[in-house]
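> Got a structure here, written out as C-alpha cells. Questions coming.
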Amino acid sequence: MITYIIGVVNFIDKEKIILENNGIGYMINCINKYKLNETIKIYIYHHKTEFSDEYYGFNKYENLQLFKDLMNIKGIGCKFSFYISSNNVNAVKMAIKNKDIEYLSSIPHIGEKMALKIISAYKPKKIDNIDLIETLLTLGYLKKDIYEILDKIDPNDNLNEQIKQSLKLLSERK
C-alpha cells in the first residue's frame with residue numbers, strides 16, 4: 001500500500017494534479033494548493049473499483065485519516081469524504097462534535113442532509129482544543145473564524161499560550 005508520493009507537480013486543474021515521480025505521472029484528485037513545478041509530498045488513498053481507479057491526495061496525514069474515517073459511514077463515498085476532509089481537520093471534527101450543521105453544509109457539495117448523516121454516524125475519537133474554543137467563543141469570536149485558525153495553534157502549548165496565539169491570529173484576520 002502506498003501512503004504518500006513525493007514528486008513534481010506537472011499539471012494543475014481545479015481538483016486534480018498530475019504528480020510526476022520517477023518518470024510516472026499520477027493523476028491525483030486534490031484540492032489544489034500547489035504550484036506548477038513544485039516538489040511536494042502528498043498523502044494518497046488509492047480507490048479502485050470495477051468502474052474506476054483513482055487517487056485522492058491530501059497535504060497532511062490527518063486529512064487522509066479523516067477521509068478514511070468518513071469512508072466508513074454508509075452512504076458517504078469518496079467524493080463526499082474528499083470534499084469534507086480537504087478542510088481543516090480540527091474544524092470539521094469540532095463541527096461534528098458540536099452538531100454544527102451550518103458549518104458542515106457550508107463545505108462545497110455538502111448539503112444539510114449529508115451534514116446530518118455525518119453528525120449522526122461519525123464518532124470522533126478525540127477532539128482537541130475544546131477549552132480553547134469555548135474560551136474564544138466566550139470572548140465573542142465566531143466559530144468559523146476560530147475553526148480556521150486551529151491548525152496554526154501549537155497543541156503542545158498550555159491553554160494560556162494557545163489563547164495568546166489565537167488572539168494574535170484572530171486580530172490579524174480583521
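Each chain in the C-alpha cells gets a letter, A, B and so on, in the order shown; residues start at 1 in every chain, and ligands are counted from 1 in the order they appear.
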With a distance cut-off of 8 Å and only C-alpha atoms, select the neighbouring residues of Leu66 (chain A), excluding the residue or stretch itself and same-chain residues fewer than 4 positions from it, and output the selection as an MDAnalysis selection string.
chainID A and resid 62 70 85 89
> What parts of region 108-159 of chain A does DSSP call alpha helix (DSSP H)? I'd like the answer as a PyMOL selection string.
chain A and resi 112-121+130-138+143-149+159
> With only C-alpha atoms as the basis for distance, which of A:Ile2, A:Leu19, A:Ile133, A:Val8 is at the shortest distance from Tyr45 (chain A)?
A:Ile2
> Kindly indicate which residue among A:Ala115, A:His46, A:Phe51, A:Lys99 lies nearest to Phe80 (chain A), using only C-alpha atoms for the distances.
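Of the candidates, the smallest distance to Phe80 (chain A) is held by A:Ala115.
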